[in-house]
Amino acid sequence: MKTLTIFTPAYNRAHTIGRTYESLLRQTCNDFEWLVVDDGSTDNTEELIKGWIKDDKVPIRYIRQQNQGMHGAHNTAYANISTPLNTCIDSDDYMPDNAVELIIDFWKKHGSDRYAGLIGLDCTEDGKTIGTQFPEGMSETTLQDFYAKGGSGDKKMVYRTEIINRYPEYPIFDGERYVGLAYKYMLIDQDYKLLTINAPLVVVEYQQDGSSYNMYSQYWRNPRGFSFFRKTEMVCAPTFKRRFISCIHYVASSIIARNKNFIAESPKKTLTILAIPFGFAWYLRIRSKVKAKAKMNFKS
């Protein structure tokens, strides 16, 4: 059995996933397999992957499913991983040539049942770290504690498969395609820490049609998914400030979803009531941004 599964959710990324594949061909360690979860692509993603499987240069498994969104693809991936470690590399990203070797050597040297896995850096194509590195002396952390202590930027997590499958799947809401992936990470943070490695494990390029560039539209189209996520964050967030911000977002998402029972359903009812004016203001901002984008798209 291989040590690491690299899994890639793919939705109409035939024009970028080749970079992901090419980076796996260049790895200095081959103790991995690649799992591609095709989330209902309508381009030639399937043709590409099946061609690479025939080439047999790296071990590849391919699963196709109806479109469920990124979180649904993660559910499918976790249900089909048998290696001790796993990490997600998006279909528009790729790995530095030594990333697999770094992960496996680091885990063999420092890993144990005490940890959920390890966390490394994201970087841009010119090698610049996205956000901050881990401070000197921080050999372990939870994801939430890192950000609460001033850390910033996306980071690459490598989880023990046994651990990540102990926690509930991401929920699927009819007609919606988004639940924050940090839902599972927050739950794991309550029980385990991650080892830190100050080395880039992924090279990222944010796409204009990706979720990072379209968050206001995501808020508008997926209010139940966001409400679910914020209720979890209200309970798990390490600081009062973060919990209150979660309540504000929860109020806004509940208004979008037209959920009249949002106070009764909140795990932090008093805080949610206090957040109503701010949540309504945030709802108005989301609505304004979505309308402005719709007008811009109509004109173009």
# chains A, B, ... in the order shown; residues from 1 in each chain; ligands from 1

call {"tool": "residues_around", "arguments": {"residues": "region 144-146 of chain A", "least_positions_apart": "2", "cutoff": "8 Å", "atoms": "only C-alpha atoms", "output": "PyMOL selection string"}}
result
chain A and resi 141-142+148-151+186+189+237-238

call {"tool": "write_last_selection", "arguments": {"atoms": "N, CA and C atoms", "output": "compact mmCIF listing (two decimals), in the first residue's frame"}}
result
# COMPACT_ATOMS: atom_id res chain seq x y z
N THR A 141 0.15 22.96 15.99
CA THR A 141 -0.92 23.93 16.14
C THR A 141 -2.22 23.31 15.67
N THR A 142 -3.32 23.96 16.01
CA THR A 142 -4.56 23.68 15.30
C THR A 142 -4.72 24.75 14.24
N ALA A 148 -6.01 32.47 14.85
CA ALA A 148 -6.35 33.31 16.01
C ALA A 148 -5.13 34.05 16.53
N LYS A 149 -3.94 33.48 16.32
CA LYS A 149 -2.71 34.11 16.80
C LYS A 149 -2.04 34.99 15.74
N GLY A 150 -2.79 35.32 14.71
CA GLY A 150 -2.28 36.26 13.72
C GLY A 150 -1.80 35.64 12.43
N GLY A 151 -1.89 34.34 12.29
CA GLY A 151 -1.50 33.69 11.04
C GLY A 151 -2.45 34.06 9.92
N MET A 186 -12.55 22.22 11.64
CA MET A 186 -12.90 22.77 12.95
C MET A 186 -13.20 21.66 13.95
N ASP A 189 -10.01 20.04 14.99
CA ASP A 189 -9.25 20.94 15.86
C ASP A 189 -9.62 20.79 17.34
N ALA A 237 -15.31 28.10 17.32
CA ALA A 237 -14.35 29.20 17.20
C ALA A 237 -13.66 29.48 18.54
N PRO A 238 -12.35 29.75 18.54
CA PRO A 238 -11.61 29.90 19.80
C PRO A 238 -11.75 31.25 20.47

call {"tool": "closest_atom_pairs", "arguments": {"of": "region 3-117 of chain A", "to": "region 197-200 of chain A", "cutoff": "12 Å", "atoms": "only C-alpha atoms", "output": "tab-separated table"}}
result
residue	atom	partner	partner_atom	distance
A:Tyr94	CA	A:Pro200	CA	10.9
A:Met95	CA	A:Pro200	CA	8.4
A:Pro96	CA	A:Pro200	CA	7.3
A:Asp97	CA	A:Pro200	CA	10.4
A:Asn98	CA	A:Pro200	CA	9.5
A:Ala99	CA	A:Pro200	CA	7.4
A:Val100	CA	A:Pro200	CA	10.9
A:Glu101	CA	A:Ala199	CA	11.7
A:Leu102	CA	A:Ala199	CA	8.3
A:Ile103	CA	A:Ile197	CA	8.8
A:Ile104	CA	A:Ile197	CA	11.7
A:Asp105	CA	A:Ile197	CA	11.3
A:Phe106	CA	A:Ile197	CA	8.0
A:Trp107	CA	A:Ile197	CA	10.0
A:His110	CA	A:Ile197	CA	10.5
A:Gly111	CA	A:Ile197	CA	11.6
A:Gly117	CA	A:Ile197	CA	10.8

call {"tool": "write_last_selection", "arguments": {"atoms": "N, CA, C and O atoms", "output": "JSON list (two decimals), in the first residue's frame"}}
result
[["chain", "number", "residue", "atom", "x", "y", "z"],
["A", 94, "TYR", "N", -0.75, 22.74, -8.34],
["A", 94, "TYR", "CA", 0.19, 21.65, -8.56],
["A", 94, "TYR", "C", 1.19, 21.59, -7.41],
["A", 94, "TYR", "O", 1.27, 22.51, -6.59],
["A", 95, "MET", "N", 1.95, 20.50, -7.34],
["A", 95, "MET", "CA", 2.85, 20.28, -6.22],
["A", 95, "MET", "C", 4.30, 20.57, -6.62],
["A", 95, "MET", "O", 4.72, 20.22, -7.73],
["A", 96, "PRO", "N", 5.08, 21.19, -5.73],
["A", 96, "PRO", "CA", 6.53, 21.26, -5.96],
["A", 96, "PRO", "C", 7.10, 19.86, -6.15],
["A", 96, "PRO", "O", 6.55, 18.88, -5.63],
["A", 97, "ASP", "N", 8.20, 19.74, -6.85],
["A", 97, "ASP", "CA", 8.72, 18.43, -7.24],
["A", 97, "ASP", "C", 9.05, 17.54, -6.04],
["A", 97, "ASP", "O", 9.02, 16.31, -6.13],
["A", 98, "ASN", "N", 9.38, 18.14, -4.91],
["A", 98, "ASN", "CA", 9.78, 17.35, -3.74],
["A", 98, "ASN", "C", 8.69, 17.27, -2.67],
["A", 98, "ASN", "O", 8.96, 16.84, -1.55],
["A", 99, "ALA", "N", 7.46, 17.67, -3.00],
["A", 99, "ALA", "CA", 6.42, 17.77, -1.98],
["A", 99, "ALA", "C", 6.07, 16.43, -1.35],
["A", 99, "ALA", "O", 5.96, 16.32, -0.12],
["A", 100, "VAL", "N", 5.90, 15.39, -2.16],
["A", 100, "VAL", "CA", 5.56, 14.08, -1.61],
["A", 100, "VAL", "C", 6.68, 13.58, -0.71],
["A", 100, "VAL", "O", 6.44, 13.06, 0.38],
["A", 101, "GLU", "N", 7.91, 13.75, -1.14],
["A", 101, "GLU", "CA", 9.05, 13.33, -0.33],
["A", 101, "GLU", "C", 9.09, 14.08, 0.99],
["A", 101, "GLU", "O", 9.31, 13.48, 2.06],
["A", 102, "LEU", "N", 8.85, 15.38, 0.95],
["A", 102, "LEU", "CA", 8.83, 16.18, 2.18],
["A", 102, "LEU", "C", 7.75, 15.67, 3.15],
["A", 102, "LEU", "O", 8.01, 15.49, 4.34],
["A", 103, "ILE", "N", 6.55, 15.44, 2.63],
["A", 103, "ILE", "CA", 5.44, 15.01, 3.47],
["A", 103, "ILE", "C", 5.74, 13.68, 4.14],
["A", 103, "ILE", "O", 5.61, 13.53, 5.37],
["A", 104, "ILE", "N", 6.17, 12.71, 3.36],
["A", 104, "ILE", "CA", 6.35, 11.36, 3.89],
["A", 104, "ILE", "C", 7.55, 11.30, 4.83],
["A", 104, "ILE", "O", 7.47, 10.70, 5.92],
["A", 105, "ASP", "N", 8.66, 11.92, 4.45],
["A", 105, "ASP", "CA", 9.84, 11.91, 5.33],
["A", 105, "ASP", "C", 9.54, 12.63, 6.65],
["A", 105, "ASP", "O", 9.94, 12.16, 7.73],
["A", 106, "PHE", "N", 8.85, 13.75, 6.58],
["A", 106, "PHE", "CA", 8.52, 14.52, 7.78],
["A", 106, "PHE", "C", 7.59, 13.72, 8.70],
["A", 106, "PHE", "O", 7.79, 13.67, 9.91],
["A", 107, "TRP", "N", 6.60, 13.07, 8.11],
["A", 107, "TRP", "CA", 5.66, 12.31, 8.93],
["A", 107, "TRP", "C", 6.33, 11.09, 9.56],
["A", 107, "TRP", "O", 6.09, 10.76, 10.73],
["A", 110, "HIS", "N", 8.41, 12.56, 12.51],
["A", 110, "HIS", "CA", 7.78, 13.28, 13.60],
["A", 110, "HIS", "C", 6.35, 12.84, 13.92],
["A", 110, "HIS", "O", 5.83, 13.19, 14.98],
["A", 111, "GLY", "N", 5.70, 12.13, 13.01],
["A", 111, "GLY", "CA", 4.29, 11.82, 13.18],
["A", 111, "GLY", "C", 4.02, 10.79, 14.26],
["A", 111, "GLY", "O", 4.85, 9.96, 14.59],
["A", 117, "GLY", "N", -2.34, 15.03, 11.69],
["A", 117, "GLY", "CA", -1.57, 15.07, 10.45],
["A", 117, "GLY", "C", -0.57, 16.20, 10.52],
["A", 117, "GLY", "O", -0.03, 16.51, 11.59]]

call {"tool": "residues_around", "arguments": {"residues": "Gly175 (chain A)", "least_positions_apart": "2", "cutoff": "9 Å", "atoms": "only C-alpha atoms", "output": "PyMOL selection string"}}
result
chain A and resi 172-173+177+221-222

call {"tool": "residues_around", "arguments": {"residues": "Met234 (chain A)", "least_positions_apart": "6", "cutoff": "8 Å", "atoms": "only C-alpha atoms", "output": "PyMOL selection string"}}
result
chain A and resi 242-244+246-247+267-268

call {"tool": "closest_residue", "arguments": {"among": "A:Ser82, A:Asn67, A:Asn214, A:Thr239", "to": "Glu162 (chain A)", "atoms": "only C-alpha atoms"}}
result
A:Ser82

call {"tool": "select_by_dssp", "arguments": {"residues": "region 199-267 of chain A", "states": "alpha helix (DSSP H)", "output": "JSON, numbers by chain"}}
result
{"A": [215, 216, 217, 218, 219, 220, 221, 223, 224, 225, 226, 227, 228, 229, 230, 231, 232, 233, 234, 235, 236, 240, 241, 242, 243, 244, 245, 246, 247, 248, 249, 250, 251, 252, 253, 254, 255, 256, 257, 262, 263, 264, 265]}

call {"tool": "closest_residue", "arguments": {"among": "A:Phe280, A:Tyr183, A:Tyr178, A:Tyr192", "to": "Arg224 (chain A)", "atoms": "only C-alpha atoms"}}
result
A:Tyr178

call {"tool": "closest_atom_pairs", "arguments": {"of": "region 88-131 of chain A", "to": "region 37-59 of chain A", "cutoff": "12 Å", "atoms": "only C-alpha atoms", "output": "tab-separated table"}}
result
residue	atom	partner	partner_atom	distance
A:Cys88	CA	A:Val37	CA	10.8
A:Ile89	CA	A:Val37	CA	11.4
A:Asp90	CA	A:Val37	CA	10.5
A:Ser91	CA	A:Asp38	CA	10.0
